[in-house]
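Okay, structure first, notes after.
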Amino acid sequence: MPADPATALYTADQVRRIDRATIDRCGVPGLELMRRAAAAAFDTLRRRWPEARRLCLLAGSGNNGGDALLVGERALHAGLAVTALLPERPGGDDARAALAAYADAGGGLGNADDGLPLADVYVDGLFGTGLARAPQGVAAALIAQLNACGRPVLALDVPSGLAADTGMPLGVAVRAAATICFVGWKRGLFTAAAADCCGERELALLDVPAMARSGIVPDARLLDAGIGCVLPTRDADVNKGRFGHLLAVGGDHGMGGAIRLAGEAALRCGAGLVGIATREDHVGAVLAARPELMVRGVDGAPALQVLLERADVVALGPGLGQGAWSHALWDRALAAGRPCVVDADALNLLARQAQPVPAGSVLTPHPGEAARLLGSDVAAVQADRYAAARALAQRHRAVVVLKGAGSLIADPDGHVAVCPWGNPGMATAGMGDVLTGVIGALLAQGLSAWDAARLGVALHARAGDLAAGGSPRGLLASDLFAPLRTLANRFTA
Ligand SMILES: NC(=O)C1=CN([C@@H]2O[C@H](COP(=O)(O)OP(=O)(O)OC[C@H]3O[C@@H](n4cnc5c(N)ncnc54)[C@H](O)[C@@H]3O)[C@@H](O)[C@H]2O)[C@@H](O)CC1
Ligand SMILES: [K+]
């Protein structure tokens, strides 16, 4: 089945191959593609900023610059005032033709060394998929001025300075109000720093023939509204034993809140029974806060073993700690062979002592935990989140959720799904514990690790967006419980 272009995520190299096939195999000239890109971008500009009268184009030496110049040509024909700044002259035939078309339409050139002229909207065509290194000199200065000018920027294809494959800035990067991406989504527009640079995202397919995409398997997939996996419906004639028994293990001294959050999240997402194995000193508080949880104090592995035998799935790690008690529980839980959600200190223990995780498990590292598991550092993980998530999934033969802006879900075969939801308010204590409970509950209700991880990440992020309501500051992990319940029912067959 052909990939749905709306959710297909490509590397820059893959999109270049689609462009080439469109030109070479389908006979669409490159300049025609550039014209289509400019037409789509100008439509976007008019729709978003109908009052704009003065445009400033920033055009680099490549085809991204050509796109910008042809936007200028259209704007001039529509009666707008346009100035273009070209830090370097166009390098290729199509970009040179675009500059000629712009000049023929009466477009003028400003002096890039003089800085930004006043405009209502700026069109960023400095660098697209051809970005090869950090912008420097005049280009870097213009990007800094764009980011400081307080006026809207429409980025063409990719915000200049952002690496299309990774979502990381190479040095300075444009922070656009909107980005219109051409031919196919570049995978870097959805993770790491991308949300801060792209603003609102639009896709223009440019009527590329299906033949040009054939044989190019998207590198990753965007989770979309349908997600493609749901929880089974519930017959009226059911009992709680049908929805799985999750055991959440963690909550060392001083960290009882983490295990309670995981447990309650699992209940809110429909797990039939949720047990908690924790330190004895947390039992009263957790029970008082959530009497529906079955809370047991465990002093070591033998006490945990009794509980593990009754469980279908284990959520291992929230507040677990890394001492002797923690290690004993961790070791026993992994040895029990039940599918596990491995989180927090359970990941840190795994980094210290490699151990196979049971089949059907999901690992949920944030970038710091991922770095410890990979023996690298956070900067290296963030520099290519796709590669880090894939490496972890292959190494541990498990589904991996690499958390952070634009969470990635990877399986050992190299499939990757990307979550476009979530907000900075979710960077707060306890959010990861809630996600662990959510994924655990979905595993307990019979979803595969891949489906539970994808649906769990989506429920969690969207619940976070609903709970934040556009005001991320001060969001609490427990604010997600009510929207989680609503969403878990919505994603039911
Ligand atoms: N025919 C096509 O292939 C199409 C390409 N399109 C546009 O073309 C873009 C890709 O065009 P290009 O491959 O020409 O590349 P870019 O326009 O992204 O890059 C321009 C040039 O800048 C140079 N460069 C890279 N990093 C630099 C840096 N830090 N400082 C100075 N120079 C640097 C590179 O050598 C490259 O040739 C896409 O992002 C898209 O906007 C669209 O017009 C659709 C059709
Ligand atoms: K750009």
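Residues in the structure tokens are named by chain (A, B, ... in the order shown) and by number from 1 within that chain; ligands are numbered from 1 in the order shown.
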
Quiz prompt | Selection: 6 Å around stretch 299-311 of chain A, only C-alpha atoms, excl. self and same-chain fewer than 4 positions, as a list of chain:residue names | solution =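 What passes the distance filter is A:His245, A:Leu246, A:Leu247, A:Ala328, A:Leu329, A:Arg332.
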
Save the residues we just selected, C-alpha atoms, as a tab-separated table (two decimals), in the first residue's frame?
chain	number	residue	atom	x	y	z
A	245	HIS	CA	-3.31	-7.05	36.07
A	246	LEU	CA	-0.53	-4.50	36.17
A	247	LEU	CA	2.05	-4.49	38.94
A	328	ALA	CA	16.96	-6.79	44.10
A	329	LEU	CA	13.45	-5.84	42.96
A	332	ARG	CA	13.56	-10.22	40.16

Self-check item: Contacts of A:His77 at 7 Å (only C-alpha atoms; same-chain gap of 3+ positions) as a ChimeraX atom specification
Solution: /A:73-74,105

Next, write the just-selected residues to a file, as a short mmCIF file (atom, residue, chain, number, x, y, z; two decimals), in the first residue's frame, keeping N, CA and C atoms as the atom set.
data_model
loop_
_atom_site.label_atom_id
_atom_site.label_comp_id
_atom_site.auth_asym_id
_atom_site.auth_seq_id
_atom_site.Cartn_x
_atom_site.Cartn_y
_atom_site.Cartn_z
N GLU A 73 8.55 36.98 -7.10
CA GLU A 73 7.97 37.25 -8.43
C GLU A 73 6.44 37.32 -8.32
N ARG A 74 5.87 36.34 -7.65
CA ARG A 74 4.40 36.31 -7.49
C ARG A 74 3.91 37.52 -6.69
N ALA A 105 10.30 40.77 -13.09
CA ALA A 105 9.04 41.25 -12.49
C ALA A 105 9.25 42.60 -11.79
#

Quiz item: What residues in stretch 352-393 of chain A get the DSSP label alpha helix (DSSP H)? Please answer as a list of chain:residue names.
Solution: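 For stretch 352-393 of chain A, the alpha helix (DSSP H) set is A:Arg352, A:Pro367, A:Gly368, A:Glu369, A:Ala370, A:Ala371, A:Arg372, A:Leu373, A:Leu374, A:Val378, A:Ala379, A:Ala380, A:Val381, A:Gln382, A:Ala383, A:Arg385, A:Tyr386, A:Ala387, A:Ala388, A:Ala389, A:Arg390, A:Ala391, A:Leu392, A:Ala393.
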
Those residues with N, CA and C atoms, as a PDB file, in the first residue's frame please?
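Saved as selection19.pdb:
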ATOM      1  N   ARG A 352      23.812   0.231  34.115  1.00  0.00           N
ATOM      2  CA  ARG A 352      24.932  -0.241  34.943  1.00  0.00           C
ATOM      3  C   ARG A 352      25.192  -1.729  34.739  1.00  0.00           C
ATOM      4  N   PRO A 367      16.285  11.680  27.296  1.00  0.00           N
ATOM      5  CA  PRO A 367      17.603  11.716  26.654  1.00  0.00           C
ATOM      6  C   PRO A 367      18.755  11.385  27.606  1.00  0.00           C
ATOM      7  N   GLY A 368      18.663  11.775  28.878  1.00  0.00           N
ATOM      8  CA  GLY A 368      19.729  11.471  29.826  1.00  0.00           C
ATOM      9  C   GLY A 368      19.848   9.974  30.066  1.00  0.00           C
ATOM     10  N   GLU A 369      18.707   9.314  30.254  1.00  0.00           N
ATOM     11  CA  GLU A 369      18.732   7.857  30.455  1.00  0.00           C
ATOM     12  C   GLU A 369      19.194   7.155  29.178  1.00  0.00           C
ATOM     13  N   ALA A 370      18.748   7.669  28.030  1.00  0.00           N
ATOM     14  CA  ALA A 370      19.183   7.074  26.757  1.00  0.00           C
ATOM     15  C   ALA A 370      20.696   7.176  26.627  1.00  0.00           C
ATOM     16  N   ALA A 371      21.251   8.329  27.022  1.00  0.00           N
ATOM     17  CA  ALA A 371      22.703   8.510  26.927  1.00  0.00           C
ATOM     18  C   ALA A 371      23.417   7.508  27.827  1.00  0.00           C
ATOM     19  N   ARG A 372      22.910   7.299  29.035  1.00  0.00           N
ATOM     20  CA  ARG A 372      23.557   6.328  29.929  1.00  0.00           C
ATOM     21  C   ARG A 372      23.490   4.912  29.331  1.00  0.00           C
ATOM     22  N   LEU A 373      22.337   4.570  28.741  1.00  0.00           N
ATOM     23  CA  LEU A 373      22.202   3.233  28.147  1.00  0.00           C
ATOM     24  C   LEU A 373      23.144   3.054  26.960  1.00  0.00           C
ATOM     25  N   LEU A 374      23.365   4.137  26.229  1.00  0.00           N
ATOM     26  CA  LEU A 374      24.210   4.046  25.031  1.00  0.00           C
ATOM     27  C   LEU A 374      25.680   4.321  25.334  1.00  0.00           C
ATOM     28  N   VAL A 378      24.123  13.379  26.523  1.00  0.00           N
ATOM     29  CA  VAL A 378      22.820  13.894  26.085  1.00  0.00           C
ATOM     30  C   VAL A 378      22.950  14.620  24.745  1.00  0.00           C
ATOM     31  N   ALA A 379      24.031  15.375  24.571  1.00  0.00           N
ATOM     32  CA  ALA A 379      24.194  16.123  23.316  1.00  0.00           C
ATOM     33  C   ALA A 379      24.258  15.170  22.133  1.00  0.00           C
ATOM     34  N   ALA A 380      24.934  14.041  22.324  1.00  0.00           N
ATOM     35  CA  ALA A 380      25.045  13.079  21.220  1.00  0.00           C
ATOM     36  C   ALA A 380      23.684  12.447  20.917  1.00  0.00           C
ATOM     37  N   VAL A 381      22.908  12.166  21.946  1.00  0.00           N
ATOM     38  CA  VAL A 381      21.558  11.603  21.729  1.00  0.00           C
ATOM     39  C   VAL A 381      20.707  12.606  20.972  1.00  0.00           C
ATOM     40  N   GLN A 382      20.700  13.853  21.433  1.00  0.00           N
ATOM     41  CA  GLN A 382      19.846  14.868  20.816  1.00  0.00           C
ATOM     42  C   GLN A 382      20.312  15.227  19.401  1.00  0.00           C
ATOM     43  N   ALA A 383      21.596  15.046  19.147  1.00  0.00           N
ATOM     44  CA  ALA A 383      22.132  15.380  17.819  1.00  0.00           C
ATOM     45  C   ALA A 383      21.503  14.508  16.740  1.00  0.00           C
ATOM     46  N   ARG A 385      18.246  12.049  17.314  1.00  0.00           N
ATOM     47  CA  ARG A 385      17.325  11.271  18.144  1.00  0.00           C
ATOM     48  C   ARG A 385      16.846  10.004  17.412  1.00  0.00           C
ATOM     49  N   TYR A 386      16.703  10.112  16.102  1.00  0.00           N
ATOM     50  CA  TYR A 386      16.272   8.925  15.345  1.00  0.00           C
ATOM     51  C   TYR A 386      17.302   7.802  15.485  1.00  0.00           C
ATOM     52  N   ALA A 387      18.550   8.154  15.319  1.00  0.00           N
ATOM     53  CA  ALA A 387      19.598   7.132  15.408  1.00  0.00           C
ATOM     54  C   ALA A 387      19.668   6.564  16.823  1.00  0.00           C
ATOM     55  N   ALA A 388      19.527   7.426  17.830  1.00  0.00           N
ATOM     56  CA  ALA A 388      19.617   6.954  19.222  1.00  0.00           C
ATOM     57  C   ALA A 388      18.469   5.997  19.542  1.00  0.00           C
ATOM     58  N   ALA A 389      17.257   6.359  19.127  1.00  0.00           N
ATOM     59  CA  ALA A 389      16.099   5.503  19.425  1.00  0.00           C
ATOM     60  C   ALA A 389      16.248   4.154  18.727  1.00  0.00           C
ATOM     61  N   ARG A 390      16.690   4.193  17.483  1.00  0.00           N
ATOM     62  CA  ARG A 390      16.865   2.927  16.733  1.00  0.00           C
ATOM     63  C   ARG A 390      17.961   2.067  17.368  1.00  0.00           C
ATOM     64  N   ALA A 391      19.048   2.696  17.759  1.00  0.00           N
ATOM     65  CA  ALA A 391      20.163   1.935  18.348  1.00  0.00           C
ATOM     66  C   ALA A 391      19.717   1.255  19.639  1.00  0.00           C
ATOM     67  N   LEU A 392      18.945   1.970  20.457  1.00  0.00           N
ATOM     68  CA  LEU A 392      18.483   1.378  21.723  1.00  0.00           C
ATOM     69  C   LEU A 392      17.514   0.228  21.473  1.00  0.00           C
ATOM     70  N   ALA A 393      16.614   0.413  20.523  1.00  0.00           N
ATOM     71  CA  ALA A 393      15.627  -0.643  20.245  1.00  0.00           C
ATOM     72  C   ALA A 393      16.321  -1.901  19.744  1.00  0.00           C
TER      73      ALA A 393
END

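Nearest-residue note for ligand 1: choosing from A:Val401, A:Ala248, A:Ala324, A:Leu205, the minimum distance belongs to A:Leu205, counting only C-alpha atoms and all ligand atoms.
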
Practice problem: Please write out the residues within 8 Å of ligand 2 as a ChimeraX atom specification, counting only C-alpha atoms and all ligand atoms. | Solution: /A:64-65,124-128,155-161

Output C-alpha atoms for every residue in that selection, as an mmCIF file, in the first residue's frame.
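Everything below was put into out.cif:
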data_model
loop_
_atom_site.group_PDB
_atom_site.id
_atom_site.type_symbol
_atom_site.label_atom_id
_atom_site.label_comp_id
_atom_site.auth_asym_id
_atom_site.auth_seq_id
_atom_site.Cartn_x
_atom_site.Cartn_y
_atom_site.Cartn_z
ATOM 1 C CA ASN A 64 15.726 27.132 -1.471
ATOM 2 C CA GLY A 65 16.775 30.643 -2.457
ATOM 3 C CA ASP A 124 13.292 32.613 4.697
ATOM 4 C CA GLY A 125 14.918 30.905 1.715
ATOM 5 C CA LEU A 126 18.516 30.898 2.922
ATOM 6 C CA PHE A 127 18.985 27.147 3.343
ATOM 7 C CA GLY A 128 16.729 24.137 2.893
ATOM 8 C CA ALA A 155 10.283 29.512 6.369
ATOM 9 C CA LEU A 156 10.470 27.687 3.066
ATOM 10 C CA ASP A 157 10.840 23.901 3.366
ATOM 11 C CA VAL A 158 13.000 23.974 6.523
ATOM 12 C CA PRO A 159 13.824 26.880 8.865
ATOM 13 C CA SER A 160 17.311 27.924 7.773
ATOM 14 C CA GLY A 161 19.959 26.540 10.080
#

Considering only C-alpha atoms and all ligand atoms, give me a table of residues in chain A that are at most 7 Å from ligand 1, with the closest atom pair and distance in Å for each, as CSV.
residue,atom,partner,partner_atom_place_in_ligand_line,distance
A:Arg16,CA,ligand 1,3 (O),6.1
A:Asp19,CA,ligand 1,3 (O),4.9
A:Arg20,CA,ligand 1,3 (O),6.6
A:Gly30,CA,ligand 1,1 (N),4.1
A:Leu31,CA,ligand 1,1 (N),6.6
A:Leu33,CA,ligand 1,45 (C),4.7
A:Met34,CA,ligand 1,43 (O),3.7
A:Ala37,CA,ligand 1,43 (O),5.6
A:Gly60,CA,ligand 1,20 (C),5.9
A:Ser61,CA,ligand 1,20 (C),5.1
A:Gly62,CA,ligand 1,17 (O),3.4
A:Asn63,CA,ligand 1,8 (O),3.8
A:Asn64,CA,ligand 1,41 (O),3.7
A:Gly65,CA,ligand 1,17 (O),5.7
A:Gly66,CA,ligand 1,43 (O),6.8
A:Asp67,CA,ligand 1,43 (O),5.2
A:Leu126,CA,ligand 1,17 (O),6.7
A:Phe127,CA,ligand 1,18 (O),3.9
A:Gly128,CA,ligand 1,18 (O),3.2
A:Thr129,CA,ligand 1,39 (O),4.1
A:Gly130,CA,ligand 1,18 (O),3.3
A:Leu131,CA,ligand 1,26 (N),3.7
A:Ala132,CA,ligand 1,26 (N),3.9
A:Arg133,CA,ligand 1,29 (N),4.2
A:Ala134,CA,ligand 1,29 (N),4.4
A:Pro135,CA,ligand 1,29 (N),3.6
A:Gln136,CA,ligand 1,30 (N),6.0
A:Leu156,CA,ligand 1,41 (O),5.8
A:Asp157,CA,ligand 1,41 (O),4.9
A:Val158,CA,ligand 1,39 (O),6.4
A:Phe182,CA,ligand 1,44 (C),6.2
A:Val183,CA,ligand 1,44 (C),6.9

Practice problem: Would you kindly return, as a list in words, each protein, DNA or RNA residue with an atom no farther than 7 Å from any atom of A:Ala164, considering only C-alpha atoms and excluding same-chain residues fewer than 4 positions away? | Solution: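 Skipping anything fewer than 4 positions along the chain leaves Ala12, Thr129, Val158, Lys186, Arg187, Gly188 and Leu189 of chain A.
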
Quiz item: So how far away is atom CA of A:Ala194 from atom CA of A:Asp113, in Å?
Solution: 27.9 Å
